[in-house]
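J.: The structure under discussion is supplied below as structure tokens; questions concerning it will follow.
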Amino acid sequence: MKQNTEEQPRIVGFLCKWCSYAGADLAGTSRKKYPSNLTVLKVPCSGRIDPLFVLKGLRLGFDGVLVSGCHPGDCHYQTGNYRARRRIVVTKKFLEYLGVPEQRVQASWVSASEGAKFAQVVEDVVENVRAVGPNNLFSDEG
Amino acid sequence: MWLKMFEPSGPTTCLVMKVSDMEKELRQEAGKLLEEGTVDYIIGFAPGSLKFTTTPLITEDIDEINNLVINPFINNNLAKYLPEIPGRVGIIAKGCDSRSIVSLIQDKQIARQDIVILGIPCSGLVDLKKVEKLAGKERDKIDDIVVLADKVCITAGGEKKEVPTTEVLFDHCLGCELQIPKEYDFLIQEPAAEIRDYESSSKQIQELKKMSPDQRWAFWKEQFGHCIRCYACRQVCPACFCERCFVEESQPRWVSPVSQWQDNLIFQAIRTIHVAGRCTDCGECERVCPVNIPLRSLSKEMYDLVGEMFDYKTGMDVNAPALMTAYELVEAEGLIR
């Protein structure tokens with residue numbers, strides 16, 4: 001059993017290169033404080049995020065997964081985030097049905113100018129995931 | 001008529017199939033297509049080598065057309081073969097098959113003009129596992145199954161048993177949404193009996209939904225402990241048309257090729273999500289599963305989910321865009337902050 005230590009929970013975040021990743025950068029350069037629990041992976045577009053990434057993240061032991069891209073209408077590739085939206089909500093709902101607590105998979109739109117929102121999102125995600133405890137979904141016991 | 005398919009046959013003789021009027025009409029039409037050269041191949045159903053089974057028939061030989069059958073055991077979803085067969089193809093399609101065909105056209109895997117759809121009305125297919133259970137005997141010991149609209153007569157070892165038809169049809173047939181194909185080039189004009197039991201069609205899903213998330217996860221963990229990763233579910237699914245599946249990728253290796261419940265569960269969960277909007281609830285995945293994992297309780301839930309969220313019914317409209325390639329400016333509100 002993993003203990004809820006200070007580094008817990010571990011979150012993996014898939015951030016789109018054009019908005020959310022730049023938003024995270026802005027949060028940094030404007031000295032916004034947010035929890036260090038997030039491991040960021042940069043993707044070219046939220047449309048690149050396969051539902052497989054989400055499950056793989058949980059399989060690798062991350063306690064939560066954050067998916068983030070440009071606001072609807074702002075996609076650098078016009079429609080990538082609209083397509084991502086359908087995929088993400090379907091994944092989220094389906095994983096809930098399987099028995100994955102809904103807090104473990106979260107999605108948010110963060111633009112490149114929303115450094116403060118990014119910091120807030122990370123803070124909320126960490127708090128929500130901490131509430132459901134460490135990820136024991138794929139452990140053999142229990 | 002469609003429902004009475006089998007003439008009683010003695011216990012030692014092999015099953016004799018009655019050539020119904022529908023079969024005659026179908027053979028005539030299929031033969032004509034081959035003869036005139038309208039199509040290069042015909043895909044349909046032929047009698048199987050075992051009792052109460054059928055096997056897919058893919059032929060360019062006009063003599064083989066007389067093997068085509070229509071009966072309550074034609075359970076394969078033949079749409080699976082379409083992307084693989086070159087040239088123009090005539091395909092025999094039940095309602096659910098026609099939806100899969102339309103879905104393949106929507107996904108641009110096949111071209112409408114290369115396909116001749118021979119539609120047949122379907123009143124539901126018989127689940128042999130259910131019959132075996134009701135008769136208390138294996139299929140070899142069952143002599144005859146006569147399917148009528150309201151009841152099914154099972155004869156086994158001189159004993160005759162009558163049960164309501166709803167008890168022997170596949171679960172997915174009890175919740176069927178399209179009995180007569182909407183998209184077709186030729187349709188056998190016969191009515192289909194409406195045999196429904198929506199409650200038992202999605203009974204397990206409702207039961208699962210009453211459980212806590214932990215209990216549900218434990219349920220699926222237990223189920224996927226049985227999975228042997230034979231990939232029969234994927235191979236039989238017309239919506240699974242990727243040339244290369246993520247489970248076989250090695251760089252990166254997404255899931256272990258070794259059968260362990262964690263990876264088995266991820267495989268099936270991702271498969272279900274990947275075919276979201278393509279799945280027509282034809283129930284083939286569950287039927288072919290050799291270890292009886294209730295896969296339809298995953299696929300049907302996904303089917304209902306996209307139906308509810310995006311008001312989308314797979315394979316009903318050949319001109320509609322495929323679910324995951326389309327979008328509305330505002331939708332799925334409240335799920336992404």
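By convention in this document, the chains of the structure tokens carry letters A, B, ... by their order, each chain's residues are numbered from 1, and ligands are numbered from 1 in the order they are shown.
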To test your reading of the structure, identify every residue in chain A that backbone DSSP assigns to strand (DSSP E), and report it as a list in words.

T.: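 Selection result, strand (DSSP E) within chain A: Ile11, Val12, Gly13, Phe14, Leu15, Cys16, Leu38, Thr39, Val40, Leu41, Lys42, Val43, Gly64, Val65, Leu66, Val67, Ser68, Gly69, Val105, Gln106, Ala107, Ser108 and Trp109 of chain A.
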
J.: Considering only C-alpha atoms, return as a list in words whatever protein or nucleic-acid residues lie within 7 Å of segment 305-319 of chain B, sequence-local ones (same chain, fewer than 3 positions apart) excluded.

T.: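 In the requested format, the answer is Arg99, Ser100, Val102, Ser103, Ile105, Gln106, Gly277, Arg278, Cys279, Thr280, Glu301, Met302 and Ala332 of chain B.
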
J.: When you count only C-alpha atoms, which of these residues is closest to chain B: A:Cys45, A:Val12, A:Ala24, A:Val132?

T.: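 Among the listed residues, the smallest separation from chain B belongs to A:Val132.
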
J.: Return as a ChimeraX atom specification the residues belonging to chain B that are within 10 Å of chain A, counting only C-alpha atoms.

T.: /B:205,208-209,211-221,246,254-255,261-263,265-267,269-274,276,298-299,301-302,305-306,309-310,323-337

J.: Would you mind reading off the distance between atom CA of Leu169 of chain B and atom CA of Arg287 of chain B, one decimal, in Å?

T.: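 Going from atom CA of Leu169 of chain B over to atom CA of Arg287 of chain B covers 12.1 Å.
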
J.: Would you return as number ranges by chain the members of segment 66-245 of chain B that DSSP assigns to helix (DSSP H, G or I) on this structure's backbone?

T.: B: 66-67, 78-84, 95-106, 112-114, 128-135, 139-141, 165-167, 171-174, 198-201, 203-210, 213-225, 232-236

J.: What is the distance, in Å and to one decimal place, between atom CA of Met22 of chain B and atom CA of Ile188 of chain B?

T.: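 So the answer is 6.9 Å.
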